[in-house]
file work_25.cif (mmCIF, C-alpha atoms (C1' of nucleotides))
data_input
loop_
_atom_site.group_PDB
_atom_site.id
_atom_site.type_symbol
_atom_site.label_atom_id
_atom_site.label_comp_id
_atom_site.auth_asym_id
_atom_site.auth_seq_id
_atom_site.Cartn_x
_atom_site.Cartn_y
_atom_site.Cartn_z
ATOM 1 C CA MET A 54 112.109 44.599 66.445
ATOM 2 C CA THR A 55 112.126 43.232 69.980
ATOM 3 C CA ASP A 56 109.106 45.280 70.796
ATOM 4 C CA ARG A 57 109.050 46.483 74.334
ATOM 5 C CA PRO A 58 106.244 48.621 75.640
ATOM 6 C CA ALA A 59 107.141 52.304 75.474
ATOM 7 C CA LEU A 60 108.499 54.049 78.528
ATOM 8 C CA SER A 61 106.268 56.268 80.570
ATOM 9 C CA LYS A 62 107.369 59.637 81.854
ATOM 10 C CA GLY A 63 108.466 58.464 85.241
ATOM 11 C CA GLU A 64 110.152 55.403 83.863
ATOM 12 C CA THR A 65 112.144 57.544 81.453
ATOM 13 C CA GLU A 66 113.214 59.787 84.285
ATOM 14 C CA VAL A 67 114.633 56.833 86.164
ATOM 15 C CA ALA A 68 116.110 55.239 83.061
ATOM 16 C CA ARG A 69 118.053 58.407 82.385
ATOM 17 C CA LEU A 70 119.589 58.305 85.814
ATOM 18 C CA LEU A 71 120.504 54.703 85.300
ATOM 19 C CA TRP A 72 122.185 55.513 82.021
ATOM 20 C CA ASP A 73 124.233 58.130 83.807
ATOM 21 C CA LEU A 74 125.112 55.893 86.692
ATOM 22 C CA GLY A 75 125.890 52.955 84.483
ATOM 23 C CA GLN A 76 124.573 50.619 87.089
ATOM 24 C CA ALA A 77 122.919 51.258 90.413
ATOM 25 C CA THR A 78 120.842 50.109 93.336
ATOM 26 C CA VAL A 79 117.469 51.556 94.105
ATOM 27 C CA ARG A 80 119.030 53.732 96.744
ATOM 28 C CA GLN A 81 121.650 55.097 94.409
ATOM 29 C CA VAL A 82 119.060 56.042 91.840
ATOM 30 C CA HIS A 83 116.930 57.568 94.542
ATOM 31 C CA GLU A 84 119.825 59.668 95.726
ATOM 32 C CA ALA A 85 120.703 60.714 92.202
ATOM 33 C CA LEU A 86 117.356 62.429 91.815
ATOM 34 C CA PRO A 87 117.542 66.201 91.715
ATOM 35 C CA PRO A 88 116.805 67.536 95.186
ATOM 36 C CA GLU A 89 113.608 69.283 94.154
ATOM 37 C CA ARG A 90 112.215 66.021 92.874
ATOM 38 C CA THR A 91 110.848 64.404 96.003
ATOM 39 C CA ILE A 92 109.654 60.938 95.404
ATOM 40 C CA ASP A 93 109.555 57.960 97.668
ATOM 41 C CA PHE A 94 112.223 55.280 97.697
ATOM 42 C CA THR A 95 109.627 52.626 96.912
ATOM 43 C CA THR A 96 108.362 54.638 93.977
ATOM 44 C CA VAL A 97 111.779 54.484 92.431
ATOM 45 C CA GLN A 98 111.795 50.815 93.250
ATOM 46 C CA THR A 99 108.532 50.408 91.394
ATOM 47 C CA TYR A 100 109.848 52.236 88.349
ATOM 48 C CA LEU A 101 112.914 50.031 88.244
ATOM 49 C CA ARG A 102 110.777 46.942 88.614
ATOM 50 C CA ARG A 103 108.622 48.102 85.742
ATOM 51 C CA LEU A 104 111.681 48.883 83.639
ATOM 52 C CA ASP A 105 112.663 45.304 84.247
ATOM 53 C CA THR A 106 109.340 43.774 83.311
ATOM 54 C CA LYS A 107 109.303 45.948 80.217
ATOM 55 C CA GLY A 108 112.712 44.597 79.310
ATOM 56 C CA TYR A 109 114.722 47.790 79.511
ATOM 57 C CA VAL A 110 117.158 46.785 82.223
ATOM 58 C CA ASP A 111 119.159 43.888 83.513
ATOM 59 C CA THR A 112 119.034 43.197 87.189
ATOM 60 C CA TRP A 113 120.555 40.837 89.712
ATOM 61 C CA LEU A 114 120.944 40.435 93.417
ATOM 62 C CA GLU A 115 124.291 41.385 94.832
ATOM 63 C CA GLY A 116 124.204 39.980 98.299
ATOM 64 C CA ARG A 117 120.989 41.219 99.718
ATOM 65 C CA THR A 118 120.717 44.176 97.393
ATOM 66 C CA ARG A 119 119.372 44.354 93.909
ATOM 67 C CA VAL A 120 121.381 46.074 91.236
ATOM 68 C CA TYR A 121 120.019 47.411 87.998
ATOM 69 C CA ALA A 122 121.819 48.183 84.767
ATOM 70 C CA PRO A 123 120.549 49.480 81.449
ATOM 71 C CA LYS A 124 119.956 46.843 78.824
ATOM 72 C CA VAL A 125 118.542 49.054 76.114
ATOM 73 C CA GLN A 126 120.804 51.858 74.951
ATOM 74 C CA PRO A 127 119.703 55.458 75.312
ATOM 75 C CA SER A 128 120.103 55.911 71.571
ATOM 76 C CA THR A 129 117.498 53.235 71.000
ATOM 77 C CA VAL A 130 114.993 54.750 73.362
ATOM 78 C CA ILE A 131 115.646 58.156 71.908
ATOM 79 C CA ARG A 132 115.123 56.905 68.396
ATOM 80 C CA GLU A 133 111.856 55.254 69.322
ATOM 81 C CA THR A 134 110.526 58.061 71.446
ATOM 82 C CA VAL A 135 111.423 60.825 69.045
ATOM 83 C CA GLY A 136 110.149 58.781 66.128
ATOM 84 C CA GLU A 137 106.854 58.322 67.862
ATOM 85 C CA LEU A 138 106.587 62.014 68.612
ATOM 86 C CA ILE A 139 107.364 63.009 65.050
ATOM 87 C CA GLU A 140 104.714 60.617 63.874
ATOM 88 C CA ARG A 141 102.093 61.894 66.275
ATOM 89 C CA LEU A 142 102.820 65.567 66.085
ATOM 90 C CA PHE A 143 104.202 66.145 62.607
ATOM 91 C CA GLY A 144 102.740 63.327 60.594
ATOM 92 C CA GLY A 145 106.136 61.723 60.228
ATOM 93 C CA GLN A 146 108.016 64.698 58.891
ATOM 94 C CA THR A 147 111.288 65.585 60.524
ATOM 95 C CA LEU A 148 111.895 69.015 59.123
ATOM 96 C CA PRO A 149 108.998 70.748 60.885
ATOM 97 C CA LEU A 150 110.439 69.624 64.170
ATOM 98 C CA MET A 151 113.839 71.042 63.277
ATOM 99 C CA ARG A 152 112.188 74.244 62.232
ATOM 100 C CA HIS A 153 110.403 74.422 65.538
ATOM 101 C CA LEU A 154 113.580 73.795 67.461
ATOM 102 C CA ILE A 155 115.486 76.448 65.592
ATOM 103 C CA GLU A 156 112.814 79.069 65.307
ATOM 104 C CA ASP A 157 110.652 78.728 68.358
ATOM 105 C CA ARG A 158 113.144 77.634 70.959
ATOM 106 C CA GLY A 159 116.057 79.928 71.509
ATOM 107 C CA ILE A 160 119.236 78.522 70.101
ATOM 108 C CA THR A 161 122.562 79.805 71.303
ATOM 109 C CA ASP A 162 125.335 80.955 69.024
ATOM 110 C CA ASP A 163 127.420 78.026 70.123
ATOM 111 C CA ASP A 164 124.668 75.624 69.223
ATOM 112 C CA MET A 165 124.274 77.322 65.923
ATOM 113 C CA ALA A 166 127.954 76.906 65.132
ATOM 114 C CA GLU A 167 127.792 73.285 66.211
ATOM 115 C CA LEU A 168 124.825 72.742 63.962
ATOM 116 C CA ARG A 169 126.687 74.113 61.005
ATOM 117 C CA ARG A 170 129.565 71.844 61.778
ATOM 118 C CA LEU A 171 127.186 68.907 61.814
ATOM 119 C CA LEU A 172 125.746 69.850 58.473
ATOM 120 C CA ASP A 173 129.158 70.376 56.941
ATOM 121 C CA ARG A 174 130.331 67.039 58.161
ATOM 122 C CA LEU A 175 127.271 65.273 56.786
ATOM 123 C CA GLU A 176 127.618 66.940 53.445
ATOM 124 C CA GLY A 177 131.248 65.906 53.342
ATOM 125 C CA ASP A 178 130.215 62.304 53.863
ATOM 126 C CA GLN A 179 127.975 62.141 50.825
ATOM 127 C CA PRO A 180 129.579 63.957 47.914
ATOM 128 C CA MET B 52 99.721 79.770 81.694
ATOM 129 C CA THR B 53 96.199 78.411 81.333
ATOM 130 C CA ASP B 54 97.332 74.979 82.253
ATOM 131 C CA ARG B 55 95.460 72.303 80.475
ATOM 132 C CA PRO B 56 96.187 68.657 81.029
ATOM 133 C CA ALA B 57 98.609 67.352 78.430
ATOM 134 C CA LEU B 58 97.304 65.539 75.389
ATOM 135 C CA SER B 59 97.485 61.790 75.228
ATOM 136 C CA LYS B 60 98.621 59.962 72.125
ATOM 137 C CA GLY B 61 95.188 59.355 70.732
ATOM 138 C CA GLU B 62 94.021 62.829 71.536
ATOM 139 C CA THR B 63 96.986 64.305 69.710
ATOM 140 C CA GLU B 64 96.223 62.179 66.710
ATOM 141 C CA VAL B 65 92.727 63.564 66.518
ATOM 142 C CA ALA B 66 93.801 67.106 67.319
ATOM 143 C CA ARG B 67 96.155 67.038 64.349
ATOM 144 C CA LEU B 68 93.352 66.104 62.039
ATOM 145 C CA LEU B 69 91.253 68.886 63.438
ATOM 146 C CA TRP B 70 94.027 71.395 62.852
ATOM 147 C CA ASP B 71 94.181 70.266 59.251
ATOM 148 C CA LEU B 72 90.466 70.352 58.755
ATOM 149 C CA GLY B 73 90.074 73.647 60.513
ATOM 150 C CA GLN B 74 86.747 72.570 61.869
ATOM 151 C CA ALA B 75 84.911 69.322 61.622
ATOM 152 C CA THR B 76 82.235 66.943 62.786
ATOM 153 C CA VAL B 77 83.036 63.619 64.337
ATOM 154 C CA ARG B 78 82.332 61.953 61.043
ATOM 155 C CA GLN B 79 84.649 64.209 59.127
ATOM 156 C CA VAL B 80 87.484 63.548 61.523
ATOM 157 C CA HIS B 81 86.744 59.866 61.402
ATOM 158 C CA GLU B 82 86.906 59.897 57.635
ATOM 159 C CA ALA B 83 90.109 61.898 57.657
ATOM 160 C CA LEU B 84 91.921 59.112 59.460
ATOM 161 C CA PRO B 85 94.456 57.277 57.336
ATOM 162 C CA PRO B 86 92.853 54.119 55.982
ATOM 163 C CA GLU B 87 95.143 51.784 57.861
ATOM 164 C CA ARG B 88 94.109 53.357 61.134
ATOM 165 C CA THR B 89 90.876 51.580 61.925
ATOM 166 C CA ILE B 90 89.179 53.015 64.915
ATOM 167 C CA ASP B 91 85.541 53.243 65.774
ATOM 168 C CA PHE B 92 83.459 56.320 65.124
ATOM 169 C CA THR B 93 82.583 56.525 68.787
ATOM 170 C CA THR B 94 86.212 56.347 69.767
ATOM 171 C CA VAL B 95 86.874 59.459 67.749
ATOM 172 C CA GLN B 96 83.843 60.958 69.412
ATOM 173 C CA THR B 97 85.319 60.175 72.809
ATOM 174 C CA TYR B 98 88.635 61.757 71.894
ATOM 175 C CA LEU B 99 86.915 64.912 70.747
ATOM 176 C CA ARG B 100 84.850 65.022 73.905
ATOM 177 C CA ARG B 101 88.001 64.687 75.953
ATOM 178 C CA LEU B 102 89.712 67.379 73.913
ATOM 179 C CA ASP B 103 86.777 69.554 74.849
ATOM 180 C CA THR B 104 86.874 68.829 78.561
ATOM 181 C CA LYS B 105 90.594 69.420 78.508
ATOM 182 C CA GLY B 106 90.000 72.787 76.936
ATOM 183 C CA TYR B 107 91.693 72.216 73.607
ATOM 184 C CA VAL B 108 88.741 72.730 71.316
ATOM 185 C CA ASP B 109 85.632 74.767 70.873
ATOM 186 C CA THR B 110 82.441 72.961 70.045
ATOM 187 C CA TRP B 111 78.861 73.723 69.242
ATOM 188 C CA LEU B 112 75.781 72.067 67.848
ATOM 189 C CA GLU B 113 74.955 72.837 64.267
ATOM 190 C CA GLY B 114 71.464 71.538 63.878
ATOM 191 C CA ARG B 115 71.621 68.049 65.186
ATOM 192 C CA THR B 116 75.321 67.665 64.611
ATOM 193 C CA ARG B 117 78.197 68.719 66.808
ATOM 194 C CA VAL B 118 81.057 70.611 65.280
ATOM 195 C CA TYR B 119 84.511 70.903 66.766
ATOM 196 C CA ALA B 120 87.211 73.474 66.112
ATOM 197 C CA PRO B 121 90.676 73.877 67.551
ATOM 198 C CA LYS B 122 90.979 76.405 70.331
ATOM 199 C CA VAL B 123 94.628 75.872 71.176
ATOM 200 C CA GLN B 124 97.073 76.478 68.355
ATOM 201 C CA PRO B 125 99.260 73.647 67.111
ATOM 202 C CA SER B 126 102.321 75.753 67.835
ATOM 203 C CA THR B 127 101.358 75.845 71.490
ATOM 204 C CA VAL B 128 100.873 72.133 71.757
ATOM 205 C CA ILE B 129 104.072 71.530 69.857
ATOM 206 C CA ARG B 130 105.990 73.835 72.145
ATOM 207 C CA GLU B 131 104.655 72.125 75.233
ATOM 208 C CA THR B 132 105.034 68.590 73.973
ATOM 209 C CA VAL B 133 108.487 69.021 72.551
ATOM 210 C CA GLY B 134 109.594 70.929 75.636
ATOM 211 C CA GLU B 135 108.406 68.101 77.829
ATOM 212 C CA LEU B 136 110.220 65.550 75.719
ATOM 213 C CA ILE B 137 113.465 67.486 75.751
ATOM 214 C CA GLU B 138 113.206 67.736 79.499
ATOM 215 C CA ARG B 139 112.540 64.057 79.975
ATOM 216 C CA LEU B 140 114.918 62.659 77.449
ATOM 217 C CA PHE B 141 117.738 65.172 77.242
ATOM 218 C CA GLY B 142 117.677 66.876 80.582
ATOM 219 C CA GLY B 143 116.480 70.099 79.021
ATOM 220 C CA GLN B 144 119.121 70.438 76.339
ATOM 221 C CA THR B 145 118.029 71.141 72.819
ATOM 222 C CA LEU B 146 121.200 70.454 70.906
ATOM 223 C CA PRO B 147 121.341 66.718 71.571
ATOM 224 C CA LEU B 148 117.932 66.405 70.011
ATOM 225 C CA MET B 149 119.062 68.277 66.930
ATOM 226 C CA ARG B 150 122.109 66.108 66.736
ATOM 227 C CA HIS B 151 119.927 63.043 66.915
ATOM 228 C CA LEU B 152 117.654 64.331 64.188
ATOM 229 C CA ILE B 153 120.503 65.144 61.882
ATOM 230 C CA GLU B 154 122.748 62.201 62.552
ATOM 231 C CA ASP B 155 120.487 59.310 63.398
ATOM 232 C CA ARG B 156 117.496 60.027 61.230
ATOM 233 C CA GLY B 157 118.145 60.317 57.570
ATOM 234 C CA ILE B 158 117.903 63.860 56.358
ATOM 235 C CA THR B 159 117.316 64.599 52.705
ATOM 236 C CA ASP B 160 119.399 67.021 50.686
ATOM 237 C CA ASP B 161 116.428 69.304 50.397
ATOM 238 C CA ASP B 162 115.982 69.332 54.129
ATOM 239 C CA MET B 163 119.621 70.024 54.550
ATOM 240 C CA ALA B 164 119.447 73.002 52.241
ATOM 241 C CA GLU B 165 116.372 74.246 54.026
ATOM 242 C CA LEU B 166 118.134 73.920 57.339
ATOM 243 C CA ARG B 167 121.010 76.005 56.115
ATOM 244 C CA ARG B 168 118.591 78.631 54.932
ATOM 245 C CA LEU B 169 117.029 78.686 58.394
ATOM 246 C CA LEU B 170 120.364 79.126 60.051
ATOM 247 C CA ASP B 171 121.407 81.848 57.644
ATOM 248 C CA ARG B 172 118.205 83.713 58.228
ATOM 249 C CA LEU B 173 118.551 83.473 61.978
ATOM 250 C CA GLU B 174 122.090 84.644 61.873
ATOM 251 C CA GLY B 175 121.061 87.555 59.714
ATOM 252 C CA ASP B 176 118.475 88.551 62.324
ATOM 253 C CA GLN B 177 120.981 88.925 65.117
ATOM 254 C CA PRO B 178 124.186 90.503 63.851
ATOM 255 C "C1'" DC C 152 53.626 54.919 59.581
ATOM 256 C "C1'" DT C 153 57.584 51.455 60.082
ATOM 257 C "C1'" DG C 154 62.217 50.367 59.622
ATOM 258 C "C1'" DC C 155 66.552 51.711 59.297
ATOM 259 C "C1'" DC C 156 70.433 55.055 59.571
ATOM 260 C "C1'" DT C 157 72.879 58.510 62.033
ATOM 261 C "C1'" DC C 158 73.981 61.297 65.844
ATOM 262 C "C1'" DA C 159 74.819 62.763 70.698
ATOM 263 C "C1'" DC C 160 75.648 61.321 75.040
ATOM 264 C "C1'" DG C 161 76.472 58.510 78.783
ATOM 265 C "C1'" DT C 162 78.585 54.473 80.388
ATOM 266 C "C1'" DA C 163 81.900 50.786 80.641
ATOM 267 C "C1'" DC C 164 85.980 48.325 81.248
ATOM 268 C "C1'" DA C 165 90.533 46.701 81.163
ATOM 269 C "C1'" DC C 166 95.138 48.515 81.202
ATOM 270 C "C1'" DT C 167 98.668 51.857 82.388
ATOM 271 C "C1'" DT C 168 100.754 55.130 85.391
ATOM 272 C "C1'" DG C 169 102.154 57.770 89.426
ATOM 273 C "C1'" DT C 170 102.493 57.100 93.877
ATOM 274 C "C1'" DC C 171 102.880 54.824 98.138
ATOM 275 C "C1'" DC C 172 101.951 51.120 102.046
ATOM 276 C "C1'" DT C 173 102.827 46.704 104.195
ATOM 277 C "C1'" DT C 174 105.137 42.647 105.357
ATOM 278 C "C1'" DG C 175 108.918 39.995 106.406
ATOM 279 C "C1'" DA C 176 113.719 38.989 106.202
ATOM 280 C "C1'" DG C 177 118.540 40.250 107.116
ATOM 281 C "C1'" DC C 178 121.883 43.556 109.540
ATOM 282 C "C1'" DT C 179 123.701 46.575 113.280
ATOM 283 C "C1'" DT C 180 124.478 48.534 117.601
ATOM 284 C "C1'" DG C 181 123.732 49.317 122.228
ATOM 285 C "C1'" DC D 46 119.626 39.446 122.323
ATOM 286 C "C1'" DA D 47 116.208 43.256 121.380
ATOM 287 C "C1'" DA D 48 115.105 47.593 118.962
ATOM 288 C "C1'" DG D 49 115.620 49.779 115.044
ATOM 289 C "C1'" DC D 50 117.169 50.282 110.240
ATOM 290 C "C1'" DT D 51 117.250 48.692 105.400
ATOM 291 C "C1'" DC D 52 115.787 46.002 101.537
ATOM 292 C "C1'" DA D 53 112.983 43.202 98.343
ATOM 293 C "C1'" DA D 54 108.702 42.106 96.948
ATOM 294 C "C1'" DG D 55 104.039 42.314 96.442
ATOM 295 C "C1'" DG D 56 99.787 44.935 96.785
ATOM 296 C "C1'" DA D 57 97.020 48.808 96.403
ATOM 297 C "C1'" DC D 58 94.555 52.624 94.607
ATOM 298 C "C1'" DA D 59 92.987 56.614 92.124
ATOM 299 C "C1'" DA D 60 93.505 58.907 87.780
ATOM 300 C "C1'" DG D 61 94.216 58.672 82.967
ATOM 301 C "C1'" DT D 62 93.789 56.207 78.437
ATOM 302 C "C1'" DG D 63 92.364 53.327 74.477
ATOM 303 C "C1'" DT D 64 88.596 51.478 72.911
ATOM 304 C "C1'" DA D 65 83.907 50.493 72.370
ATOM 305 C "C1'" DC D 66 78.753 49.450 73.553
ATOM 306 C "C1'" DG D 67 73.918 50.887 74.525
ATOM 307 C "C1'" DT D 68 70.121 54.028 74.447
ATOM 308 C "C1'" DG D 69 67.225 57.260 72.597
ATOM 309 C "C1'" DA D 70 66.004 60.933 69.434
ATOM 310 C "C1'" DG D 71 65.700 62.892 64.664
ATOM 311 C "C1'" DG D 72 65.387 61.931 59.490
ATOM 312 C "C1'" DC D 73 64.462 59.523 55.352
ATOM 313 C "C1'" DA D 74 63.018 55.405 52.187
ATOM 314 C "C1'" DG D 75 59.575 52.640 51.247
#

call {"tool": "encode", "arguments": {"input": "work_25.cif", "output": "structure tokens"}}
result
Amino acid sequence: MTDRPALSKGETEVARLLWDLGQATVRQVHEALPPERTIDFTTVQTYLRRLDTKGYVDTWLEGRTRVYAPKVQPSTVIRETVGELIERLFGGQTLPLMRHLIEDRGITDDDMAELRRLLDRLEGDQP
Amino acid sequence: MTDRPALSKGETEVARLLWDLGQATVRQVHEALPPERTIDFTTVQTYLRRLDTKGYVDTWLEGRTRVYAPKVQPSTVIRETVGELIERLFGGQTLPLMRHLIEDRGITDDDMAELRRLLDRLEGDQP
DNA sequence: CTGCCTCACGTACACTTGTCCTTGAGCTTG
DNA sequence: CAAGCTCAAGGACAAGTGTACGTGAGGCAG
């Protein structure tokens, strides 16, 4: 299970950027933040350090500068995080969450079509 | 917006029980915990107190015993929590979460059928 | 009435989290 | 070379969280 501690909000925010960037220095992550999100350089540094101690990233010095790269795949974090939420909020049942997504959050026509495609494909897989 | 502080993990756990019970004393919530979840009576008490200070429950003394009842609807908490997660983990996009639920978490045939029903109904609503 | 049980309520305490400050080394440019 | 910039690294610090203990009052069994 390789149990790492779960990611906090801020850590997730930074991890997402790192997934997008593939690999990055503190500065690059800091600059990748959306402009309305003002947060100090050293705060980002702290998040990356914590991601490291929690085992979510690889890191090495490149010259004088430290580079970080994701070690745990987004899919893994997503699985764990969503699983935890379903447990906490829906007692482990997936369907209520789907229902909420479909009924209580607007869903576009495109999304709807895509969803149907997904279902069709799945049903095709298991005859 | 009536902005309450978000619920923590433990608080959510207890809030869910309270939603199920409708209204309950500390003891009742404590006894409603799944048997494998061992947690002290006073810990539950603390969670309920915090739910109160955060504005999520109503509470009153009934004789010598304090009774708690949900004040914020589950749907509200679900909306806020899920919204926050989608923001953090998917940059605000709902579809990737659906995709994850359908593809990466097993979905039963019954759920699948139910999902289709949901979609059909929605589509019927907006011709 | 004396123990014991059960509550409410306050307190505690270590750990996590969001956020930043400080220090000291290397780099750059006048 | 000296002043200023840029990093890494370590600390710091208040708020939030998970978890529980202690105290004191009300009830009930002997």

call {"tool": "closest_atom_pairs", "arguments": {"input": "work_25.cif", "of": "chain A", "to": "chain D", "cutoff": "9 Å", "atoms": "only C-alpha atoms (C1' of nucleotides)", "output": "JSON lines"}}
result
{"residue": "A:Arg117", "atom": "CA", "partner": "D:DC52", "partner_atom": "C1'", "distance": 7.3}
{"residue": "A:Thr118", "atom": "CA", "partner": "D:DC52", "partner_atom": "C1'", "distance": 6.7}
{"residue": "A:Arg119", "atom": "CA", "partner": "D:DA53", "partner_atom": "C1'", "distance": 7.9}

call {"tool": "interface_residues", "arguments": {"input": "work_25.cif", "of": "chain A", "to": "chain C", "cutoff": "8 Å", "atoms": "all atoms listed in the file", "output": "count of residues only"}}
result
6

call {"tool": "atom_distance", "arguments": {"input": "work_25.cif", "atom1": "CA of Gln126 in chain A", "atom2": "CA of Asp73 in chain A"}}
result
11.4 Å

call {"tool": "interface_residues", "arguments": {"input": "work_25.cif", "of": "chain A", "to": "chain B", "cutoff": "9 Å", "atoms": "all atoms listed in the file", "output": "ChimeraX atom specification"}}
result
/A:62-63,65-66,69,127-128,130-132,134-136,138,141-144,147-148,150-158,160,162,164-165,167-169,171-172,175-176

call {"tool": "atom_distance", "arguments": {"input": "work_25.cif", "atom1": "CA of Thr99 in chain A", "atom2": "CA of Tyr121 in chain A"}}
result
12.3 Å

call {"tool": "atom_distance", "arguments": {"input": "work_25.cif", "atom1": "CA of Asp103 in chain B", "atom2": "CA of Leu69 in chain B"}}
result
12.3 Å

call {"tool": "axis_aligned_box", "arguments": {"input": "work_25.cif", "around": "range 156-170 of chain C", "padding_each_side": "5 Å", "output": "JSON"}}
result
{"center_x": 86.5, "center_y": 54.7, "center_z": 76.7, "size_x": 42.1, "size_y": 26.1, "size_z": 44.3}

call {"tool": "closest_residue", "arguments": {"input": "work_25.cif", "among": "B:Gly143, B:Thr127, B:Pro56, B:Ala120", "to": "Leu72 in chain B", "atoms": "only C-alpha atoms"}}
result
B:Ala120
